[in-house]
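Structure below is run_25.pdb: PDB, C-alpha atoms, pLDDT in the B column.
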ATOM      1  CA  MET A 186      50.237  80.490  68.371  1.00 95.00           C
ATOM      2  CA  ARG A 187      51.462  76.921  68.346  1.00 97.00           C
ATOM      3  CA  ASN A 188      52.553  75.264  71.603  1.00 97.00           C
ATOM      4  CA  ILE A 189      56.284  75.936  71.905  1.00 98.00           C
ATOM      5  CA  VAL A 190      57.775  74.011  74.828  1.00 97.00           C
ATOM      6  CA  LEU A 191      61.409  74.974  74.224  1.00 97.00           C
ATOM      7  CA  ALA A 192      63.397  77.412  72.108  1.00 98.00           C
ATOM      8  CA  ARG A 193      67.098  76.529  72.042  1.00 97.00           C
ATOM      9  CA  ILE A 194      70.229  77.970  70.458  1.00 96.00           C
ATOM     10  CA  ASP A 195      72.684  75.139  69.806  1.00 94.00           C
ATOM     11  CA  ASP A 196      74.787  74.998  66.661  1.00 93.00           C
ATOM     12  CA  ARG A 197      74.788  71.205  66.755  1.00 92.00           C
ATOM     13  CA  LEU A 198      70.981  71.197  66.444  1.00 94.00           C
ATOM     14  CA  ILE A 199      69.846  67.573  66.875  1.00 91.00           C
ATOM     15  CA  HIS A 200      72.434  65.530  68.744  1.00 87.00           C
ATOM     16  CA  GLY A 201      72.731  62.670  71.221  1.00 83.00           C
ATOM     17  CA  GLN A 202      71.735  62.853  74.839  1.00 74.00           C
ATOM     18  CA  VAL A 203      71.043  66.569  74.911  1.00 74.00           C
ATOM     19  CA  VAL A 204      68.127  66.521  72.496  1.00 80.00           C
ATOM     20  CA  THR A 205      66.910  63.212  73.893  1.00 83.00           C
ATOM     21  CA  SER A 206      66.969  64.759  77.385  1.00 93.00           C
ATOM     22  CA  TRP A 207      65.184  67.908  76.266  1.00 95.00           C
ATOM     23  CA  VAL A 208      62.591  65.912  74.322  1.00 95.00           C
ATOM     24  CA  LYS A 209      61.790  63.862  77.434  1.00 93.00           C
ATOM     25  CA  GLN A 210      61.825  66.885  79.749  1.00 94.00           C
ATOM     26  CA  THR A 211      59.408  68.861  77.560  1.00 95.00           C
ATOM     27  CA  ASN A 212      57.277  65.973  76.226  1.00 95.00           C
ATOM     28  CA  ALA A 213      58.036  67.327  72.757  1.00 96.00           C
ATOM     29  CA  ASN A 214      56.733  65.498  69.711  1.00 96.00           C
ATOM     30  CA  ARG A 215      57.926  67.914  67.044  1.00 97.00           C
ATOM     31  CA  ILE A 216      61.186  69.719  66.317  1.00 97.00           C
ATOM     32  CA  ILE A 217      61.288  72.801  64.125  1.00 98.00           C
ATOM     33  CA  ILE A 218      64.778  73.765  62.941  1.00 98.00           C
ATOM     34  CA  VAL A 219      64.913  77.370  61.743  1.00 98.00           C
ATOM     35  CA  ASP A 220      67.842  77.788  59.369  1.00 98.00           C
ATOM     36  CA  ASP A 221      67.559  79.315  55.907  1.00 97.00           C
ATOM     37  CA  PRO A 222      70.680  77.662  54.373  1.00 96.00           C
ATOM     38  CA  LEU A 223      69.706  74.196  55.672  1.00 97.00           C
ATOM     39  CA  THR A 224      66.439  74.317  53.732  1.00 97.00           C
ATOM     40  CA  LYS A 225      68.562  73.906  50.589  1.00 97.00           C
ATOM     41  CA  ASP A 226      70.810  71.092  51.905  1.00 97.00           C
ATOM     42  CA  ILE A 227      68.910  67.823  51.418  1.00 96.00           C
ATOM     43  CA  PHE A 228      71.806  65.667  52.664  1.00 97.00           C
ATOM     44  CA  ILE A 229      72.095  67.447  56.047  1.00 95.00           C
ATOM     45  CA  GLN A 230      68.300  67.474  56.342  1.00 96.00           C
ATOM     46  CA  ARG A 231      68.275  63.682  56.033  1.00 96.00           C
ATOM     47  CA  LEU A 232      71.013  63.360  58.661  1.00 94.00           C
ATOM     48  CA  LEU A 233      69.176  65.609  61.105  1.00 94.00           C
ATOM     49  CA  LYS A 234      65.874  63.795  60.624  1.00 94.00           C
ATOM     50  CA  ALA A 235      67.616  60.438  61.138  1.00 93.00           C
ATOM     51  CA  ALA A 236      69.204  61.737  64.368  1.00 92.00           C
ATOM     52  CA  ALA A 237      65.845  62.675  65.902  1.00 92.00           C
ATOM     53  CA  PRO A 238      64.388  60.389  68.524  1.00 89.00           C
ATOM     54  CA  SER A 239      61.808  57.888  67.292  1.00 89.00           C
ATOM     55  CA  GLY A 240      58.333  59.356  66.930  1.00 91.00           C
ATOM     56  CA  ILE A 241      59.548  62.944  66.719  1.00 95.00           C
ATOM     57  CA  SER A 242      58.545  64.890  63.629  1.00 94.00           C
ATOM     58  CA  VAL A 243      61.291  67.179  62.272  1.00 97.00           C
ATOM     59  CA  SER A 244      60.762  70.142  59.962  1.00 97.00           C
ATOM     60  CA  ILE A 245      63.516  72.402  58.642  1.00 98.00           C
ATOM     61  CA  LEU A 246      62.100  75.800  57.757  1.00 98.00           C
ATOM     62  CA  THR A 247      63.227  79.188  56.569  1.00 98.00           C
ATOM     63  CA  THR A 248      62.770  81.966  59.089  1.00 98.00           C
ATOM     64  CA  GLU A 249      59.841  83.343  57.099  1.00 98.00           C
ATOM     65  CA  ASP A 250      58.089  79.960  56.905  1.00 98.00           C
ATOM     66  CA  ALA A 251      58.772  79.280  60.589  1.00 98.00           C
ATOM     67  CA  VAL A 252      57.164  82.574  61.616  1.00 98.00           C
ATOM     68  CA  LYS A 253      54.045  81.765  59.571  1.00 98.00           C
ATOM     69  CA  PHE A 254      53.884  78.194  60.886  1.00 98.00           C
ATOM     70  CA  LEU A 255      54.474  79.045  64.552  1.00 98.00           C
ATOM     71  CA  LYS A 256      51.828  81.786  64.506  1.00 97.00           C
ATOM     72  CA  GLU A 257      49.149  79.326  63.346  1.00 97.00           C
ATOM     73  CA  ASP A 258      46.573  77.914  65.726  1.00 95.00           C
ATOM     74  CA  PRO A 259      47.933  75.009  67.779  1.00 92.00           C
ATOM     75  CA  SER A 260      47.303  71.398  66.856  1.00 92.00           C
ATOM     76  CA  ALA A 261      45.921  69.242  69.652  1.00 94.00           C
ATOM     77  CA  GLY A 262      48.691  67.593  71.657  1.00 94.00           C
ATOM     78  CA  GLU A 263      51.507  69.192  69.678  1.00 96.00           C
ATOM     79  CA  ASN A 264      54.594  70.178  71.708  1.00 97.00           C
ATOM     80  CA  ILE A 265      57.269  71.950  69.677  1.00 98.00           C
ATOM     81  CA  ILE A 266      60.979  72.411  70.274  1.00 97.00           C
ATOM     82  CA  ILE A 267      62.529  75.192  68.192  1.00 98.00           C
ATOM     83  CA  LEU A 268      66.220  74.694  67.404  1.00 97.00           C
ATOM     84  CA  VAL A 269      68.468  77.320  65.849  1.00 98.00           C
ATOM     85  CA  LYS A 270      72.232  77.623  65.380  1.00 96.00           C
ATOM     86  CA  VAL A 271      72.558  81.348  66.091  1.00 96.00           C
ATOM     87  CA  PRO A 272      70.793  83.997  68.171  1.00 97.00           C
ATOM     88  CA  GLU A 273      69.911  85.997  65.051  1.00 98.00           C
ATOM     89  CA  ALA A 274      67.367  83.305  64.130  1.00 98.00           C
ATOM     90  CA  ILE A 275      65.660  83.663  67.530  1.00 98.00           C
ATOM     91  CA  GLU A 276      65.612  87.440  67.138  1.00 98.00           C
ATOM     92  CA  ALA A 277      64.040  87.108  63.680  1.00 98.00           C
ATOM     93  CA  LEU A 278      61.293  84.866  65.079  1.00 98.00           C
ATOM     94  CA  ILE A 279      60.568  87.352  67.876  1.00 98.00           C
ATOM     95  CA  ASP A 280      60.592  90.289  65.445  1.00 98.00           C
ATOM     96  CA  GLY A 281      58.201  88.299  63.233  1.00 98.00           C
ATOM     97  CA  GLY A 282      55.702  88.053  66.079  1.00 98.00           C
ATOM     98  CA  VAL A 283      56.510  84.649  67.573  1.00 98.00           C
ATOM     99  CA  VAL A 284      56.093  84.878  71.343  1.00 97.00           C
ATOM    100  CA  LEU A 285      58.971  83.350  73.285  1.00 98.00           C
ATOM    101  CA  ASP A 286      59.175  83.820  77.050  1.00 94.00           C
ATOM    102  CA  LYS A 287      62.456  81.990  77.489  1.00 97.00           C
ATOM    103  CA  VAL A 288      65.353  80.788  75.345  1.00 98.00           C
ATOM    104  CA  ILE A 289      67.887  78.154  76.361  1.00 97.00           C
ATOM    105  CA  LEU A 290      71.433  78.766  75.168  1.00 95.00           C
ATOM    106  CA  GLY A 291      73.333  75.534  74.586  1.00 90.00           C
ATOM    107  CA  GLY A 292      76.522  75.109  72.615  1.00 86.00           C
ATOM    108  CA  MET A 293      77.873  77.628  70.148  1.00 88.00           C
ATOM    109  CA  GLY A 294      81.238  76.335  69.014  1.00 85.00           C
ATOM    110  CA  ALA A 295      84.444  78.207  68.486  1.00 86.00           C
ATOM    111  CA  LYS A 296      85.146  79.421  64.976  1.00 87.00           C
ATOM    112  CA  GLU A 297      86.766  82.364  63.269  1.00 88.00           C
ATOM    113  CA  GLY A 298      85.388  85.645  64.548  1.00 86.00           C
ATOM    114  CA  ARG A 299      84.058  84.174  67.805  1.00 90.00           C
ATOM    115  CA  SER A 300      85.431  84.491  71.329  1.00 88.00           C
ATOM    116  CA  ARG A 301      84.613  82.144  74.175  1.00 88.00           C
ATOM    117  CA  PHE A 302      82.502  83.617  76.962  1.00 80.00           C
ATOM    118  CA  ASN A 303      81.289  80.463  78.726  1.00 80.00           C
ATOM    119  CA  LYS A 304      82.099  76.746  78.851  1.00 78.00           C
ATOM    120  CA  ASN A 305      80.520  75.722  75.552  1.00 80.00           C
ATOM    121  CA  VAL A 306      79.614  79.113  74.160  1.00 87.00           C
ATOM    122  CA  SER A 307      81.641  81.218  71.790  1.00 87.00           C
ATOM    123  CA  ALA A 308      80.119  84.220  70.084  1.00 91.00           C
ATOM    124  CA  SER A 309      81.078  87.026  67.754  1.00 90.00           C
ATOM    125  CA  SER A 310      80.558  90.621  68.827  1.00 92.00           C
ATOM    126  CA  ASN A 311      77.490  90.721  66.535  1.00 95.00           C
ATOM    127  CA  GLU A 312      76.067  87.587  68.188  1.00 94.00           C
ATOM    128  CA  VAL A 313      76.649  89.060  71.663  1.00 93.00           C
ATOM    129  CA  GLU A 314      74.858  92.250  70.602  1.00 96.00           C
ATOM    130  CA  CYS A 315      71.998  90.136  69.252  1.00 96.00           C
ATOM    131  CA  ILE A 316      71.713  88.262  72.564  1.00 96.00           C
ATOM    132  CA  LYS A 317      71.572  91.610  74.381  1.00 96.00           C
ATOM    133  CA  ARG A 318      68.765  92.794  72.058  1.00 98.00           C
ATOM    134  CA  ILE A 319      66.803  89.589  72.748  1.00 98.00           C
ATOM    135  CA  LEU A 320      67.168  90.193  76.487  1.00 97.00           C
ATOM    136  CA  GLU A 321      66.077  93.830  76.032  1.00 96.00           C
ATOM    137  CA  LYS A 322      62.886  92.580  74.338  1.00 97.00           C
ATOM    138  CA  GLY A 323      61.942  90.951  77.644  1.00 96.00           C
ATOM    139  CA  VAL A 324      62.870  87.380  76.708  1.00 97.00           C
ATOM    140  CA  SER A 325      64.715  85.469  79.435  1.00 97.00           C
ATOM    141  CA  MET A 326      67.770  83.512  78.312  1.00 97.00           C
ATOM    142  CA  TYR A 327      69.569  80.803  80.245  1.00 97.00           C
ATOM    143  CA  TYR A 328      72.689  78.775  79.559  1.00 95.00           C
ATOM    144  CA  GLN A 329      71.843  75.116  80.177  1.00 93.00           C
ATOM    145  CA  MET A 330      73.244  72.101  78.360  1.00 90.00           C
ATOM    146  CA  VAL A 331      70.863  69.479  79.792  1.00 91.00           C
ATOM    147  CA  PRO A 332      67.663  69.823  81.823  1.00 93.00           C
ATOM    148  CA  ASN A 333      69.121  68.500  85.087  1.00 91.00           C
ATOM    149  CA  GLU A 334      71.962  71.048  84.994  1.00 91.00           C
ATOM    150  CA  LYS A 335      71.419  74.322  86.859  1.00 93.00           C
ATOM    151  CA  ALA A 336      70.305  77.076  84.483  1.00 94.00           C
ATOM    152  CA  VAL A 337      72.550  80.152  84.474  1.00 93.00           C
ATOM    153  CA  ASP A 338      71.019  83.506  83.584  1.00 95.00           C
ATOM    154  CA  VAL A 339      72.824  84.739  80.463  1.00 94.00           C
ATOM    155  CA  LYS A 340      72.697  88.293  81.834  1.00 93.00           C
ATOM    156  CA  LYS A 341      75.263  87.177  84.426  1.00 89.00           C
ATOM    157  CA  ILE A 342      77.737  85.744  81.915  1.00 87.00           C
ATOM    158  CA  ILE A 343      77.456  88.111  78.967  1.00 83.00           C
TER     159      ILE A 343
END

Target encoding structure tokens, full file:
Amino acid sequence: MRNIVLARIDDRLIHGQVVTSWVKQTNANRIIIVDDPLTKDIFIQRLLKAAAPSGISVSILTTEDAVKFLKEDPSAGENIIILVKVPEAIEALIDGGVVLDKVILGGMGAKEGRSRFNKNVSASSNEVECIKRILEKGVSMYYQMVPNEKAVDVKKII
């Protein structure tokens, strides 16, 4: 299994201070975005790669390819941040055999079908059920926008 230093749900993916803060906090040198539709959108891929901090490798993979990649033997010195937009992508990685001890829940914006349940988190009933299944699989999940902010156990806010 590759060295995963952070798994994060944040529908903005790579953005400003948050990713920069998490990259520094985790000493990450690679970001893996797991999002099937994005693998077909070359324009957004270019934007995301341009938004990454200097020296950080970015790969945008399908769920299937991410599972295969993350289950490979680690490369020396590689520290990976996994970014996904929705909890279903995390659940698919776990169900595919990727071991995640903890997931950080960042922003999930308001949109049709979602209700707000925390400051920057809105989720549909299906997404809430997915988060509950992830927790039931023994994976800890915390709401935390930036590393220096106190982490809040998602079990307490869901």

Answer key for the PyMOL selection byres ((chain A and resi 281) around 12), residues as a ChimeraX atom specification: /A:248-256,274-280,282-285

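Here the PyMOL selection byres ((chain A and resi 221) around 8) captures the residues Val219, Asp220, Pro222, Leu223, Thr224, Lys225, Leu246, Thr247 and Thr248 of chain A.
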
Quick one: write out the picked residues with C-alpha atoms as a compact mmCIF listing (two decimals), in the coordinates of the input?
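That gives us again.txt:
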# COMPACT_ATOMS: atom_id res chain seq x y z
CA VAL A 219 64.91 77.37 61.74
CA ASP A 220 67.84 77.79 59.37
CA PRO A 222 70.68 77.66 54.37
CA LEU A 223 69.71 74.20 55.67
CA THR A 224 66.44 74.32 53.73
CA LYS A 225 68.56 73.91 50.59
CA LEU A 246 62.10 75.80 57.76
CA THR A 247 63.23 79.19 56.57
CA THR A 248 62.77 81.97 59.09

Around stretch 201-218 of chain A, fit a box with edges along x, y and z, padding it by 8 Å on each side, then list its centre and edge lengths in Å to one decimal as AutoDock Vina command-line options.
--center_x 64.7 --center_y 68.2 --center_z 71.3 --size_x 32.0 --size_y 27.1 --size_z 32.8

Protein and nucleic acid residues near (67.5, 64.5, 72.4) (cut-off 12 Å, only C-alpha atoms) as a ChimeraX atom specification: /A:197-216,233-241,266,268,330-332

Computed interatomic separation between atom CA of A:Met326 and atom CA of A:Val313 (Å): 12.4 Å

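Residues surrounding A:Phe302 within 12 Å are A:Gly292, A:Met293, A:Gly294, A:Ala295, A:Arg299, A:Asn305, A:Val306, A:Ser307, A:Ala308, A:Ser309, A:Ser310, A:Glu312, A:Val313, A:Tyr328, A:Val339, A:Lys340, A:Lys341, A:Ile342, A:Ile343 [all atoms listed in the file; sequence separation below 3 positions excluded].
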
Could the residues in this selection be saved with C-alpha atoms as a PDB file, in the frame of the given file?
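As a result, result_27.pdb now contains:
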ATOM      1  CA  GLY A 292      76.522  75.109  72.615  1.00 86.00           C
ATOM      2  CA  MET A 293      77.873  77.628  70.148  1.00 88.00           C
ATOM      3  CA  GLY A 294      81.238  76.335  69.014  1.00 85.00           C
ATOM      4  CA  ALA A 295      84.444  78.207  68.486  1.00 86.00           C
ATOM      5  CA  ARG A 299      84.058  84.174  67.805  1.00 90.00           C
ATOM      6  CA  ASN A 305      80.520  75.722  75.552  1.00 80.00           C
ATOM      7  CA  VAL A 306      79.614  79.113  74.160  1.00 87.00           C
ATOM      8  CA  SER A 307      81.641  81.218  71.790  1.00 87.00           C
ATOM      9  CA  ALA A 308      80.119  84.220  70.084  1.00 91.00           C
ATOM     10  CA  SER A 309      81.078  87.026  67.754  1.00 90.00           C
ATOM     11  CA  SER A 310      80.558  90.621  68.827  1.00 92.00           C
ATOM     12  CA  GLU A 312      76.067  87.587  68.188  1.00 94.00           C
ATOM     13  CA  VAL A 313      76.649  89.060  71.663  1.00 93.00           C
ATOM     14  CA  TYR A 328      72.689  78.775  79.559  1.00 95.00           C
ATOM     15  CA  VAL A 339      72.824  84.739  80.463  1.00 94.00           C
ATOM     16  CA  LYS A 340      72.697  88.293  81.834  1.00 93.00           C
ATOM     17  CA  LYS A 341      75.263  87.177  84.426  1.00 89.00           C
ATOM     18  CA  ILE A 342      77.737  85.744  81.915  1.00 87.00           C
ATOM     19  CA  ILE A 343      77.456  88.111  78.967  1.00 83.00           C
TER      20      ILE A 343
END

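One distance worth recording is that between atom CA of A:Ile265 and atom CA of A:Asp196, which is 18.0 Å.
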
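Across the structure, atom CA of A:Glu334 and atom CA of A:Ala192 are spaced 16.7 Å apart.
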
Protein and nucleic acid residues near (62.5, 85.4, 76.9) (cut-off 6 Å, all atoms listed in the file) as number ranges by chain: A: 285-288, 323-326

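Across A:Asp195, A:Leu232, A:Asn303, A:Asn188, the tightest approach to A:Asp338 is made by A:Asn303 when counting only C-alpha atoms.
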
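Residue neighbourhood of A:Arg193, excluding near-sequence residues (fewer than 4 positions): Ile267, Leu268, Val269, Val288, Ile289, Leu290 and Gly291 of chain A, at 7 Å, using only C-alpha atoms.
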
Expansion of the PyMOL selection byres ((chain A and resi 244) around 6) into residues, as a list in words: Ile217, Val243 and Ile245 of chain A

Please dump the current selection as a compact mmCIF listing (two decimals), in the coordinates of the input; keep C-alpha atoms.
# COMPACT_ATOMS: atom_id res chain seq x y z
CA ILE A 217 61.29 72.80 64.12
CA VAL A 243 61.29 67.18 62.27
CA ILE A 245 63.52 72.40 58.64

Which residue of A:Val271, A:Gly262, A:Asp226, A:Ile218 approaches A:Cys315 most closely, using all atoms listed in the file: A:Val271

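Each of A:Lys322, A:Asn264, A:Lys317, A:Lys335 was checked against A:Val190 using all atoms listed in the file; the smallest atom-to-atom distance is that of A:Asn264.
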